[in-house]
file final00.tsv (TSV, C-alpha atoms)
chain	number	residue	atom	x	y	z
W	3	MET	CA	-14.70	24.01	38.93
W	4	ASN	CA	-16.42	23.35	42.24
W	5	ARG	CA	-14.05	25.67	44.00
W	6	SER	CA	-14.99	28.62	41.80
W	7	SER	CA	-18.69	27.84	42.27
W	8	ASP	CA	-18.21	28.02	46.02
W	9	THR	CA	-16.36	31.30	45.63
W	10	ASN	CA	-19.26	32.74	43.63
W	11	SER	CA	-21.70	31.67	46.27
W	12	SER	CA	-19.74	33.07	49.15
W	13	SER	CA	-18.95	36.33	47.37
W	14	THR	CA	-22.64	37.19	47.00
W	15	GLY	CA	-23.17	36.50	50.66
W	16	LYS	CA	-26.88	35.95	50.00
W	17	VAL	CA	-26.60	32.51	48.49
W	18	LYS	CA	-26.41	29.58	50.82
W	19	ARG	CA	-23.30	27.41	50.59
W	20	SER	CA	-25.35	24.36	49.57
W	21	ALA	CA	-27.30	26.19	46.82
W	22	PRO	CA	-26.63	25.17	43.20
W	23	ALA	CA	-23.68	26.93	41.67
W	24	ARG	CA	-24.39	29.80	39.28
W	25	ARG	CA	-23.81	28.52	35.78
W	26	SER	CA	-22.02	30.61	33.27
W	27	LEU	CA	-22.07	29.94	29.52
W	28	ALA	CA	-18.75	31.71	29.03
W	29	ARG	CA	-16.54	28.98	30.46
W	30	PRO	CA	-17.84	26.00	28.45
W	31	LEU	CA	-17.91	28.11	25.30
W	32	THR	CA	-14.34	29.29	25.86
W	33	ALA	CA	-13.23	25.72	26.52
W	34	LEU	CA	-15.00	24.55	23.37
W	35	ALA	CA	-13.37	27.26	21.27
W	36	ALA	CA	-9.96	26.30	22.68
W	37	LEU	CA	-10.63	22.61	21.99
W	38	VAL	CA	-11.63	23.33	18.38
W	39	VAL	CA	-8.58	25.54	17.78
W	40	VAL	CA	-6.25	22.87	19.19
W	41	ALA	CA	-8.01	20.13	17.16
W	42	VAL	CA	-7.61	22.12	13.92
W	43	ALA	CA	-3.96	22.84	14.76
W	44	VAL	CA	-3.21	19.18	15.50
W	45	ALA	CA	-4.98	18.05	12.30
W	46	LEU	CA	-3.07	20.60	10.22
W	47	PHE	CA	0.17	19.49	11.83
W	48	LEU	CA	-0.61	15.84	11.02
W	49	VAL	CA	-1.56	16.70	7.42
W	50	LYS	CA	1.72	18.57	7.06
W	51	ARG	CA	3.70	15.81	8.71
W	52	SER	CA	2.14	13.06	6.60
W	53	GLY	CA	3.36	14.88	3.52
W	54	PRO	CA	6.99	15.47	2.69
W	55	GLU	CA	9.20	18.32	3.82
W	56	SER	CA	9.35	21.36	1.61
W	57	SER	CA	13.01	21.12	0.70
W	58	PRO	CA	13.69	19.86	-2.84
W	59	ALA	CA	15.80	17.00	-1.56
W	60	ALA	CA	13.05	15.79	0.69
W	61	ALA	CA	10.47	16.43	-1.99
W	62	SER	CA	12.21	13.99	-4.26
W	63	SER	CA	11.72	11.32	-1.63
W	64	ASN	CA	8.02	11.48	-2.54
W	65	VAL	CA	8.82	9.51	-5.59
W	66	ALA	CA	9.08	5.86	-4.72
W	67	SER	CA	12.32	4.02	-5.03
W	68	PRO	CA	13.46	2.95	-8.52
W	69	GLU	CA	13.29	-0.71	-7.50
W	70	LYS	CA	9.54	-0.55	-8.15
W	71	PRO	CA	8.43	-2.04	-11.50
W	72	VAL	CA	8.87	0.32	-14.43
W	73	ILE	CA	5.68	1.58	-15.96
W	74	THR	CA	5.32	1.62	-19.74
W	75	THR	CA	4.62	4.98	-21.33
W	76	THR	CA	2.26	3.72	-24.00
W	77	GLY	CA	-1.42	4.51	-23.83
W	78	TRP	CA	-3.61	7.57	-24.23
W	79	SER	CA	-1.16	10.44	-24.26
W	80	LYS	CA	-1.18	14.23	-24.41
W	81	GLY	CA	1.30	17.06	-24.07
W	82	ASN	CA	4.65	16.79	-25.81
W	83	LEU	CA	4.60	13.19	-26.99
W	84	SER	CA	8.38	13.11	-27.38
W	85	ALA	CA	9.08	14.68	-23.96
W	86	LYS	CA	11.62	12.94	-21.73
W	87	THR	CA	9.47	13.44	-18.64
W	88	VAL	CA	6.40	11.23	-18.59
W	89	LEU	CA	3.59	11.35	-16.05
W	90	VAL	CA	1.46	8.21	-16.06
W	91	GLU	CA	-1.88	8.23	-14.29
W	92	PHE	CA	-3.82	5.12	-13.35
W	93	GLY	CA	-7.36	6.38	-13.09
W	94	ASP	CA	-10.96	5.33	-12.67
W	95	PHE	CA	-13.65	7.49	-14.29
W	96	GLN	CA	-16.01	6.98	-11.36
W	97	CYS	CA	-13.51	8.01	-8.71
W	98	PRO	CA	-14.19	11.55	-7.37
W	99	SER	CA	-10.51	12.09	-6.57
W	100	CYS	CA	-9.62	11.28	-10.18
W	101	ALA	CA	-12.03	13.98	-11.32
W	102	VAL	CA	-10.27	16.44	-8.99
W	103	ALA	CA	-6.86	15.19	-10.17
W	104	ARG	CA	-7.81	15.82	-13.80
W	105	VAL	CA	-7.78	19.58	-13.13
W	106	LYS	CA	-4.43	19.29	-11.39
W	107	VAL	CA	-2.94	17.31	-14.27
W	108	ASP	CA	-4.28	19.77	-16.85
W	109	THR	CA	-2.83	22.70	-14.90
W	110	ALA	CA	0.57	20.99	-14.73
W	111	LEU	CA	0.39	20.12	-18.42
W	112	LYS	CA	-0.33	23.74	-19.35
W	113	LYS	CA	2.63	24.83	-17.25
W	114	PHE	CA	5.06	22.27	-18.66
W	115	GLU	CA	3.53	21.92	-22.11
W	116	LYS	CA	6.85	21.55	-23.91
W	117	ASP	CA	8.52	19.16	-21.49
W	118	LEU	CA	5.81	16.84	-20.26
W	119	LYS	CA	3.92	13.90	-21.66
W	120	VAL	CA	0.85	12.70	-19.77
W	121	VAL	CA	-0.37	9.13	-20.19
W	122	PHE	CA	-3.69	7.85	-18.89
W	123	LYS	CA	-4.09	4.18	-18.06
W	124	GLN	CA	-7.33	2.51	-17.12
W	125	TYR	CA	-7.68	1.33	-13.56
W	126	PRO	CA	-11.43	0.82	-13.05
W	127	MET	CA	-12.46	-0.51	-9.66
W	128	PRO	CA	-15.86	-2.04	-10.38
W	129	HIS	CA	-16.14	-3.63	-6.93
W	130	ILE	CA	-16.53	-0.15	-5.44
W	131	HIS	CA	-17.56	1.87	-8.50
W	132	ARG	CA	-20.28	-0.03	-10.29
W	133	ASN	CA	-20.14	2.02	-13.51
W	134	ALA	CA	-16.34	2.34	-13.65
W	135	MET	CA	-15.77	-0.53	-16.06
W	136	VAL	CA	-18.46	0.54	-18.53
W	137	ALA	CA	-17.08	4.11	-18.34
W	138	ALA	CA	-13.61	2.79	-19.17
W	139	GLN	CA	-15.11	0.91	-22.10
W	140	ALA	CA	-16.90	4.09	-23.26
W	141	SER	CA	-13.65	6.09	-23.18
W	142	GLU	CA	-11.82	3.40	-25.14
W	143	ALA	CA	-14.66	3.16	-27.66
W	144	ALA	CA	-14.50	6.94	-28.13
W	145	GLY	CA	-10.74	6.54	-28.55
W	146	LYS	CA	-11.37	4.21	-31.47
W	147	GLN	CA	-12.90	7.25	-33.17
W	148	LEU	CA	-9.94	9.40	-32.01
W	149	LYS	CA	-11.94	11.17	-29.32
W	150	PHE	CA	-10.59	9.54	-26.16
W	151	TRP	CA	-9.62	12.81	-24.48
W	152	GLU	CA	-12.92	14.44	-25.39
W	153	MET	CA	-14.80	11.56	-23.75
W	154	TYR	CA	-12.35	11.63	-20.81
W	155	GLU	CA	-13.29	15.30	-20.24
W	156	VAL	CA	-17.01	14.65	-20.47
W	157	LEU	CA	-16.92	11.57	-18.21
W	158	PHE	CA	-15.08	13.43	-15.45
W	159	ALA	CA	-16.84	16.77	-15.86
W	160	ARG	CA	-20.30	15.18	-15.75
W	161	GLN	CA	-19.42	12.36	-13.36
W	162	ASN	CA	-22.32	13.12	-11.01
W	163	GLU	CA	-24.82	12.46	-13.83
W	164	TRP	CA	-23.92	8.80	-14.30
W	165	VAL	CA	-22.14	7.45	-11.20
W	166	ASN	CA	-25.22	6.19	-9.40
W	167	VAL	CA	-27.54	5.28	-12.23
W	168	PRO	CA	-28.37	1.65	-13.02
W	169	ASP	CA	-27.94	2.17	-16.76
W	170	ALA	CA	-24.95	4.41	-17.33
W	171	LEU	CA	-24.77	3.31	-20.97
W	172	THR	CA	-27.72	5.60	-21.77
W	173	PHE	CA	-25.63	8.56	-20.62
W	174	PHE	CA	-22.53	7.40	-22.48
W	175	LEU	CA	-24.52	7.06	-25.71
W	176	LYS	CA	-25.81	10.60	-25.14
W	177	TYR	CA	-22.23	11.86	-24.66
W	178	ALA	CA	-21.16	10.00	-27.81
W	179	THR	CA	-23.91	11.79	-29.73
W	180	GLU	CA	-22.82	15.14	-28.30
W	181	LEU	CA	-19.23	14.41	-29.32
W	182	GLN	CA	-20.51	13.63	-32.82
W	183	LEU	CA	-19.28	10.05	-32.76
W	184	ASP	CA	-20.72	7.31	-34.88
W	185	VAL	CA	-23.01	6.10	-32.10
W	186	GLU	CA	-23.71	2.66	-33.55
W	187	LYS	CA	-19.98	1.97	-33.99
W	188	PHE	CA	-19.38	3.36	-30.49
W	189	ARG	CA	-21.97	0.98	-29.04
W	190	GLN	CA	-20.44	-2.00	-30.85
W	191	ASP	CA	-16.88	-1.02	-29.91
W	192	MET	CA	-17.80	-0.81	-26.26
W	193	LEU	CA	-18.51	-4.53	-26.31
W	194	ASP	CA	-15.39	-5.29	-28.30
W	195	GLY	CA	-13.12	-7.89	-26.74
W	196	GLU	CA	-10.07	-5.92	-27.86
W	197	ILE	CA	-11.13	-2.96	-25.71
W	198	ARG	CA	-11.74	-5.17	-22.70
W	199	ASN	CA	-8.32	-6.78	-23.19
W	200	LYS	CA	-6.68	-3.36	-23.30
W	201	ILE	CA	-8.39	-2.34	-20.05
W	202	PHE	CA	-7.29	-5.57	-18.39
W	203	ARG	CA	-3.74	-5.05	-19.64
W	204	ASP	CA	-3.72	-1.61	-17.99
W	205	LEU	CA	-5.19	-3.09	-14.82
W	206	LEU	CA	-2.58	-5.83	-14.76
W	207	GLU	CA	0.21	-3.33	-15.30
W	208	GLY	CA	-1.12	-1.26	-12.40
W	209	GLN	CA	-1.40	-4.28	-10.15
W	210	VAL	CA	2.17	-5.33	-10.92
W	211	ALA	CA	3.26	-1.77	-10.15
W	212	GLN	CA	1.45	-2.03	-6.79
W	213	VAL	CA	-1.30	0.44	-7.58
W	214	ARG	CA	-3.68	0.13	-4.66
W	215	SER	CA	-5.86	3.15	-5.12
W	216	VAL	CA	-6.82	5.73	-7.68
W	217	PRO	CA	-5.58	8.10	-8.90
W	218	SER	CA	-2.02	6.79	-8.76
W	219	PHE	CA	0.69	8.74	-10.53
W	220	PHE	CA	4.04	7.56	-11.81
W	221	LEU	CA	6.62	10.14	-12.75
W	222	ASN	CA	9.27	8.70	-15.05
W	223	GLY	CA	8.31	5.23	-13.87
W	224	ARG	CA	8.34	5.96	-10.15
W	225	MET	CA	5.23	6.13	-8.05
W	226	MET	CA	4.47	9.55	-6.55
W	227	GLN	CA	3.43	9.09	-2.94
W	228	SER	CA	1.88	11.35	-0.31
W	229	VAL	CA	1.99	14.46	-2.44
W	230	LYS	CA	0.10	16.94	-0.37
W	231	SER	CA	-0.55	19.92	-2.61
W	232	ASP	CA	-0.82	20.97	-6.22
W	233	ALA	CA	2.26	23.16	-5.78
W	234	GLU	CA	4.28	20.19	-4.62
W	235	PHE	CA	2.94	18.05	-7.44
W	236	GLU	CA	4.16	20.68	-9.92
W	237	GLU	CA	7.47	21.05	-8.12
W	238	LEU	CA	8.13	17.32	-8.42
W	239	ILE	CA	7.37	17.48	-12.14
W	240	ALA	CA	9.60	20.55	-12.55
W	241	GLN	CA	12.37	18.71	-10.75
W	242	ALA	CA	11.99	15.64	-12.98
W	243	ILE	CA	12.12	17.88	-16.06
W	244	ARG	CA	15.29	19.59	-14.79
W	245	THR	CA	16.89	16.21	-14.11
W	246	ALA	CA	15.96	14.92	-17.56
W	247	GLN	CA	17.54	17.91	-19.34
A	21	MET	CA	-13.44	16.42	40.94
A	22	ARG	CA	-16.81	14.63	40.87
A	23	LYS	CA	-17.13	11.36	38.99
A	24	THR	CA	-19.56	12.92	36.48
A	25	ALA	CA	-16.99	15.61	35.81
A	26	TRP	CA	-14.34	12.99	35.11
A	27	ILE	CA	-16.71	11.24	32.73
A	28	SER	CA	-17.53	14.53	30.98
A	29	ALA	CA	-13.83	15.32	30.67
A	30	GLY	CA	-13.25	11.85	29.23
A	31	ILE	CA	-16.02	12.32	26.67
A	32	ALA	CA	-14.60	15.75	25.74
A	33	ALA	CA	-11.15	14.20	25.28
A	34	LEU	CA	-12.56	11.44	23.06
A	35	ALA	CA	-14.55	13.99	21.05
A	36	PHE	CA	-11.29	15.90	20.59
A	37	VAL	CA	-9.64	12.79	19.11
A	38	GLY	CA	-12.66	12.30	16.86
A	39	MET	CA	-12.50	15.94	15.74
A	40	VAL	CA	-8.81	15.67	14.84
A	41	ASP	CA	-9.55	12.46	12.91
A	42	ALA	CA	-12.48	14.02	10.98
A	43	ILE	CA	-10.64	17.28	10.22
A	44	TYR	CA	-7.57	15.35	9.05
A	45	VAL	CA	-9.61	13.21	6.64
A	46	ALA	CA	-11.67	16.20	5.43
A	47	LEU	CA	-8.51	18.26	4.79
A	48	HIS	CA	-6.79	15.46	2.92
A	49	ARG	CA	-9.80	14.63	0.79
A	50	SER	CA	-10.48	18.26	-0.09
A	51	ARG	CA	-7.06	18.33	-1.76
A	52	GLY	CA	-7.85	15.26	-3.84
A	53	PHE	CA	-4.67	13.44	-2.87
A	54	LEU	CA	-4.12	9.98	-1.51
A	55	LEU	CA	-4.45	9.44	2.20
A	56	PRO	CA	-1.62	7.68	4.07
A	57	CYS	CA	-3.14	4.41	5.20
A	58	GLY	CA	-0.89	2.25	7.34
A	59	LEU	CA	-2.88	-0.45	9.13
A	60	ALA	CA	-6.03	-1.35	7.24
A	61	GLY	CA	-4.71	-0.17	3.86
A	62	GLY	CA	-8.07	0.48	2.20
A	63	CYS	CA	-8.56	4.19	2.91
A	64	ASP	CA	-8.81	5.30	-0.68
A	65	GLN	CA	-11.09	2.45	-1.63
A	66	VAL	CA	-13.41	3.37	1.23
A	67	LEU	CA	-13.17	7.12	0.81
A	68	ASN	CA	-13.62	6.96	-2.97
A	69	SER	CA	-16.63	4.69	-2.70
A	70	PRO	CA	-20.15	5.98	-3.35
A	71	TYR	CA	-20.80	5.57	0.38
A	72	ALA	CA	-18.19	8.14	1.36
A	73	ALA	CA	-20.68	10.97	0.91
A	74	ILE	CA	-24.33	11.50	1.73
A	75	LEU	CA	-26.20	13.94	-0.52
A	76	GLY	CA	-22.84	15.08	-1.78
A	77	ILE	CA	-21.51	15.87	1.69
A	78	PRO	CA	-18.49	13.80	2.76
A	79	VAL	CA	-19.16	11.56	5.76
A	80	ALA	CA	-16.14	13.13	7.49
A	81	TRP	CA	-18.07	16.39	7.76
A	82	PHE	CA	-20.99	14.61	9.44
A	83	GLY	CA	-18.47	13.07	11.81
A	84	LEU	CA	-16.97	16.45	12.54
A	85	THR	CA	-20.42	17.90	13.32
A	86	PHE	CA	-21.12	15.01	15.66
A	87	TYR	CA	-17.81	15.31	17.50
A	88	LEU	CA	-18.18	19.09	17.77
A	89	THR	CA	-21.65	18.74	19.30
A	90	THR	CA	-20.47	15.96	21.61
A	91	ALA	CA	-17.50	18.05	22.77
A	92	ALA	CA	-19.83	21.00	23.40
A	93	CYS	CA	-22.24	18.84	25.42
A	94	ALA	CA	-19.40	17.32	27.45
A	95	LEU	CA	-17.87	20.72	28.22
A	96	PHE	CA	-21.24	22.17	29.19
A	97	ALA	CA	-21.76	19.17	31.49
A	98	LEU	CA	-18.28	19.68	32.91
A	99	PHE	CA	-19.16	23.28	33.80
A	100	GLY	CA	-22.43	22.50	35.53
A	101	PHE	CA	-24.91	21.97	32.69
A	102	GLU	CA	-25.17	18.23	33.32
A	103	GLU	CA	-28.44	17.92	31.40
A	104	ALA	CA	-26.36	18.42	28.22
A	105	LEU	CA	-25.22	14.82	28.61
A	106	ARG	CA	-28.77	13.69	27.75
A	107	LEU	CA	-28.54	15.28	24.32
A	108	SER	CA	-25.05	13.85	23.93
A	109	PHE	CA	-26.32	10.36	24.83
A	110	ALA	CA	-29.10	10.59	22.24
A	111	LEU	CA	-26.55	11.71	19.62
A	112	VAL	CA	-23.99	9.05	20.41
A	113	SER	CA	-26.69	6.36	20.28
A	114	LEU	CA	-27.51	7.48	16.73
A	115	ALA	CA	-23.81	7.72	15.90
A	116	LEU	CA	-23.22	4.20	17.17
A	117	GLY	CA	-25.97	2.90	14.88
A	118	PHE	CA	-24.44	4.77	11.95
A	119	THR	CA	-21.00	3.42	12.88
A	120	VAL	CA	-22.32	-0.15	12.74
A	121	TYR	CA	-23.73	0.63	9.27
A	122	LEU	CA	-20.36	2.05	8.14
A	123	LEU	CA	-18.54	-1.01	9.47
A	124	TYR	CA	-20.98	-3.22	7.57
A	125	LEU	CA	-20.30	-1.25	4.37
A	126	GLN	CA	-16.55	-1.60	4.83
A	127	ALA	CA	-16.64	-5.30	5.67
A	128	ILE	CA	-19.32	-6.57	3.28
A	129	VAL	CA	-19.94	-4.06	0.50
A	130	ILE	CA	-16.62	-2.29	-0.12
A	131	ARG	CA	-14.47	-5.08	1.32
A	132	ALA	CA	-11.82	-2.69	2.48
A	133	PHE	CA	-11.18	-0.98	5.79
A	134	CYS	CA	-10.01	2.54	6.42
A	135	ASP	CA	-7.81	3.35	9.43
A	136	TYR	CA	-9.52	6.66	10.08
A	137	CYS	CA	-13.00	5.14	9.93
A	138	LEU	CA	-11.94	2.40	12.34
A	139	LEU	CA	-10.47	4.98	14.72
A	140	SER	CA	-13.74	6.91	14.57
A	141	ALA	CA	-15.71	3.72	15.26
A	142	LEU	CA	-13.53	3.09	18.33
A	143	VAL	CA	-14.00	6.67	19.57
A	144	VAL	CA	-17.80	6.55	19.14
A	145	THR	CA	-17.93	3.22	20.97
A	146	LEU	CA	-15.84	4.57	23.84
A	147	ILE	CA	-18.00	7.71	24.09
A	148	PHE	CA	-21.04	5.43	24.28
A	149	VAL	CA	-19.39	3.35	27.02
A	150	PHE	CA	-18.58	6.55	28.95
A	151	HIS	CA	-22.22	7.55	28.69
A	152	LEU	CA	-23.38	4.20	29.98
A	153	TRP	CA	-20.96	4.58	32.86
A	154	SER	CA	-22.26	8.08	33.54
A	155	ARG	CA	-25.87	6.93	33.53
A	156	ARG	CA	-25.08	4.01	35.82
A	157	HIS	CA	-23.30	6.41	38.15
A	158	SER	CA	-26.30	8.82	38.11
A	159	ARG	CA	-28.72	6.01	38.92
A	160	GLY	CA	-26.46	4.90	41.76
A	161	GLU	CA	-26.52	8.44	43.17
A	162	GLU	CA	-30.33	8.61	42.89
A	163	LYS	CA	-30.69	5.35	44.87
A	164	THR	CA	-28.46	6.59	47.66
call {"tool": "encode", "arguments": {"input": "final00.tsv", "output": "structure tokens"}}
result
Amino acid sequence: MNRSSDTNSSSTGKVKRSAPARRSLARPLTALAALVVVAVAVALFLVKRSGPESSPAAASSNVASPEKPVITTTGWSKGNLSAKTVLVEFGDFQCPSCAVARVKVDTALKKFEKDLKVVFKQYPMPHIHRNAMVAAQASEAAGKQLKFWEMYEVLFARQNEWVNVPDALTFFLKYATELQLDVEKFRQDMLDGEIRNKIFRDLLEGQVAQVRSVPSFFLNGRMMQSVKSDAEFEELIAQAIRTAQ
Amino acid sequence: MRKTAWISAGIAALAFVGMVDAIYVALHRSRGFLLPCGLAGGCDQVLNSPYAAILGIPVAWFGLTFYLTTAACALFALFGFEEALRLSFALVSLALGFTVYLLYLQAIVIRAFCDYCLLSALVVTLIFVFHLWSRRHSRGEEKT
């Protein structure tokens, strides 16, 4: 750096050797561009490496070992209810990743409509999501009027309306009205001990199965780990369906 | 190489580590999948918390902006624009304050720690230490 400054000075012949070096914007900008390119490349490499390899054999290693506790397939279900391949999701209605995952699950379900059953289990994390538990209660209360999936859609699609409000119940009652539920029954059911017990049963099942974050997916009873793309998620399901047939 | 140049290079290297960290988290989160979390184990709890975004923008993007600016300042300083370090010092002072706030959130409010956030906290602290070193060195030069 200093050497090139000296060269610049001496090449002009008019600048004294001790004068400040001529400063060019090109070099720091080039260095910055190089640094950014390398940083992006390294991050992409790490993202790729943290996920599985693309070969089917390696892809299957994304599914945790069968020694893990087996997950029950009862709960709110959709798809082909008698399908041999079952995808169980432990989700929290206030979790942004769960809202993103909902789209992914729906896409997979459309693709494998005949061969896949999807089960949703409650895994609210009220210590980090203050309205998660009441949202779980709202979905279960809607389920009592056979509109669990309708409420599930609304809760995720309009998550940003209610996540940070002190009284989320107001919003849930509004959604219940929009879904044409019996609002008074809905309100009473939300406080029902049976619903709370069901949520806690789901939570307990998740904890036993070592669910540590949401959303957590189990494919035929095995936890799916480090799945890095929607395509890979679908490939794992396709593979499970092929194996089941 | 002058001592200031070494310090600038060190800051640029640390900013590079911070950039990789922020890009990695941002990329993972944008896909909506779980983040591998080896040491602290609470990445998803932290990154799914309401504190993981400000005005809807993930904190990782703020981190990336900070590291990018810091890297730019350090490289400009390395190539003769030493006054850029003043801007960098002001930024890292703010970032250090924000880091303390994020650590408080993880320890007290969320009660979970995220590896990537801890790495970022370490990088910000080291950048701050490098700045202090640089300023001490500059003052020493002024005295002589």
call {"tool": "residues_near_point", "arguments": {"input": "final00.tsv", "point": "(-17.9, 13.3, 12.0)", "cutoff": "10 Å", "atoms": "all atoms listed in the file", "output": "list in words"}}
result
Ala35, Gly38, Met39, Val40, Asp41, Ala42, Ile43, Val45, Ala46, Pro78, Val79, Ala80, Trp81, Phe82, Gly83, Leu84, Thr85, Phe86, Tyr87, Leu88, Thr89, Ala115, Cys137, Ser140 and Val144 of chain A
call {"tool": "write_last_selection", "arguments": {"input": "final00.tsv", "atoms": "C-alpha atoms", "output": "mmCIF file, keeping the file's coordinate frame"}}
result
data_model
loop_
_atom_site.group_PDB
_atom_site.id
_atom_site.type_symbol
_atom_site.label_atom_id
_atom_site.label_comp_id
_atom_site.auth_asym_id
_atom_site.auth_seq_id
_atom_site.Cartn_x
_atom_site.Cartn_y
_atom_site.Cartn_z
ATOM 1 C CA ALA A 35 -14.550 13.990 21.050
ATOM 2 C CA GLY A 38 -12.660 12.300 16.860
ATOM 3 C CA MET A 39 -12.500 15.940 15.740
ATOM 4 C CA VAL A 40 -8.810 15.670 14.840
ATOM 5 C CA ASP A 41 -9.550 12.460 12.910
ATOM 6 C CA ALA A 42 -12.480 14.020 10.980
ATOM 7 C CA ILE A 43 -10.640 17.280 10.220
ATOM 8 C CA VAL A 45 -9.610 13.210 6.640
ATOM 9 C CA ALA A 46 -11.670 16.200 5.430
ATOM 10 C CA PRO A 78 -18.490 13.800 2.760
ATOM 11 C CA VAL A 79 -19.160 11.560 5.760
ATOM 12 C CA ALA A 80 -16.140 13.130 7.490
ATOM 13 C CA TRP A 81 -18.070 16.390 7.760
ATOM 14 C CA PHE A 82 -20.990 14.610 9.440
ATOM 15 C CA GLY A 83 -18.470 13.070 11.810
ATOM 16 C CA LEU A 84 -16.970 16.450 12.540
ATOM 17 C CA THR A 85 -20.420 17.900 13.320
ATOM 18 C CA PHE A 86 -21.120 15.010 15.660
ATOM 19 C CA TYR A 87 -17.810 15.310 17.500
ATOM 20 C CA LEU A 88 -18.180 19.090 17.770
ATOM 21 C CA THR A 89 -21.650 18.740 19.300
ATOM 22 C CA ALA A 115 -23.810 7.720 15.900
ATOM 23 C CA CYS A 137 -13.000 5.140 9.930
ATOM 24 C CA SER A 140 -13.740 6.910 14.570
ATOM 25 C CA VAL A 144 -17.800 6.550 19.140
#
call {"tool": "residues_around", "arguments": {"input": "final00.tsv", "residues": "segment 129-144 of chain W", "least_positions_apart": "5", "cutoff": "10 Å", "atoms": "all atoms listed in the file", "output": "number ranges by chain"}}
result
W: 78, 93-97, 123-124, 149-158, 161, 164-171, 173-175, 177-178, 181, 183-185, 187-194, 196-198, 200-201; A: 65-66, 68-71, 129-132
call {"tool": "closest_residue", "arguments": {"input": "final00.tsv", "among": "A:His48, A:Arg106, A:His151, A:His157", "to": "chain W", "atoms": "all atoms listed in the file"}}
result
A:His48
call {"tool": "interface_residues", "arguments": {"input": "final00.tsv", "of": "chain W", "to": "chain A", "cutoff": "9 Å", "atoms": "all atoms listed in the file", "output": "PyMOL selection string"}}
result
chain W and resi 3-4+23-27+29-31+33-34+37-38+40-46+48-49+52-53+96-103+127+129-131+165-166+214-218+227-232
call {"tool": "write_last_selection", "arguments": {"input": "final00.tsv", "atoms": "C-alpha atoms", "output": "tab-separated table (two decimals), in the coordinates of the input"}}
result
chain	number	residue	atom	x	y	z
W	3	MET	CA	-14.70	24.01	38.93
W	4	ASN	CA	-16.42	23.35	42.24
W	23	ALA	CA	-23.68	26.93	41.67
W	24	ARG	CA	-24.39	29.80	39.28
W	25	ARG	CA	-23.81	28.52	35.78
W	26	SER	CA	-22.02	30.61	33.27
W	27	LEU	CA	-22.07	29.94	29.52
W	29	ARG	CA	-16.54	28.98	30.46
W	30	PRO	CA	-17.84	26.00	28.45
W	31	LEU	CA	-17.91	28.11	25.30
W	33	ALA	CA	-13.23	25.72	26.52
W	34	LEU	CA	-15.00	24.55	23.37
W	37	LEU	CA	-10.63	22.61	21.99
W	38	VAL	CA	-11.63	23.33	18.38
W	40	VAL	CA	-6.25	22.87	19.19
W	41	ALA	CA	-8.01	20.13	17.16
W	42	VAL	CA	-7.61	22.12	13.92
W	43	ALA	CA	-3.96	22.84	14.76
W	44	VAL	CA	-3.21	19.18	15.50
W	45	ALA	CA	-4.98	18.05	12.30
W	46	LEU	CA	-3.07	20.60	10.22
W	48	LEU	CA	-0.61	15.84	11.02
W	49	VAL	CA	-1.56	16.70	7.42
W	52	SER	CA	2.14	13.06	6.60
W	53	GLY	CA	3.36	14.88	3.52
W	96	GLN	CA	-16.01	6.98	-11.36
W	97	CYS	CA	-13.51	8.01	-8.71
W	98	PRO	CA	-14.19	11.55	-7.37
W	99	SER	CA	-10.51	12.09	-6.57
W	100	CYS	CA	-9.62	11.28	-10.18
W	101	ALA	CA	-12.03	13.98	-11.32
W	102	VAL	CA	-10.27	16.44	-8.99
W	103	ALA	CA	-6.86	15.19	-10.17
W	127	MET	CA	-12.46	-0.51	-9.66
W	129	HIS	CA	-16.14	-3.63	-6.93
W	130	ILE	CA	-16.53	-0.15	-5.44
W	131	HIS	CA	-17.56	1.87	-8.50
W	165	VAL	CA	-22.14	7.45	-11.20
W	166	ASN	CA	-25.22	6.19	-9.40
W	214	ARG	CA	-3.68	0.13	-4.66
W	215	SER	CA	-5.86	3.15	-5.12
W	216	VAL	CA	-6.82	5.73	-7.68
W	217	PRO	CA	-5.58	8.10	-8.90
W	218	SER	CA	-2.02	6.79	-8.76
W	227	GLN	CA	3.43	9.09	-2.94
W	228	SER	CA	1.88	11.35	-0.31
W	229	VAL	CA	1.99	14.46	-2.44
W	230	LYS	CA	0.10	16.94	-0.37
W	231	SER	CA	-0.55	19.92	-2.61
W	232	ASP	CA	-0.82	20.97	-6.22
call {"tool": "residues_around", "arguments": {"input": "final00.tsv", "residues": "Ile27 of chain A", "least_positions_apart": "6", "cutoff": "8 Å", "atoms": "only C-alpha atoms", "output": "PyMOL selection string"}}
result
chain A and resi 150-151+153-154
call {"tool": "residues_near_point", "arguments": {"input": "final00.tsv", "point": "(-4.2, -6.0, -15.1)", "cutoff": "12 Å", "atoms": "all atoms listed in the file", "output": "ChimeraX atom specification"}}
result
/W:92,123-127,198-213
call {"tool": "atom_distance", "arguments": {"input": "final00.tsv", "atom1": "atom CA of Asp117 of chain W", "atom2": "atom CA of Lys86 of chain W"}}
result
7.0 Å
call {"tool": "atom_distance", "arguments": {"input": "final00.tsv", "atom1": "atom CA of Ser79 of chain W", "atom2": "atom CA of Glu237 of chain W"}}
result
21.2 Å
call {"tool": "closest_residue", "arguments": {"input": "final00.tsv", "among": "W:Val105, W:Leu221, W:Val90, W:Leu111", "to": "Gln241 of chain W", "atoms": "only C-alpha atoms"}}
result
W:Leu221
call {"tool": "residues_around", "arguments": {"input": "final00.tsv", "residues": "segment 83-85 of chain W", "least_positions_apart": "3", "cutoff": "12 Å", "atoms": "all atoms listed in the file", "output": "ChimeraX atom specification"}}
result
/W:75-80,88-89,111,114-121,222,242-243,246-247
call {"tool": "atom_distance", "arguments": {"input": "final00.tsv", "atom1": "atom CA of Leu238 of chain W", "atom2": "atom CA of Thr109 of chain W"}}
result
13.8 Å
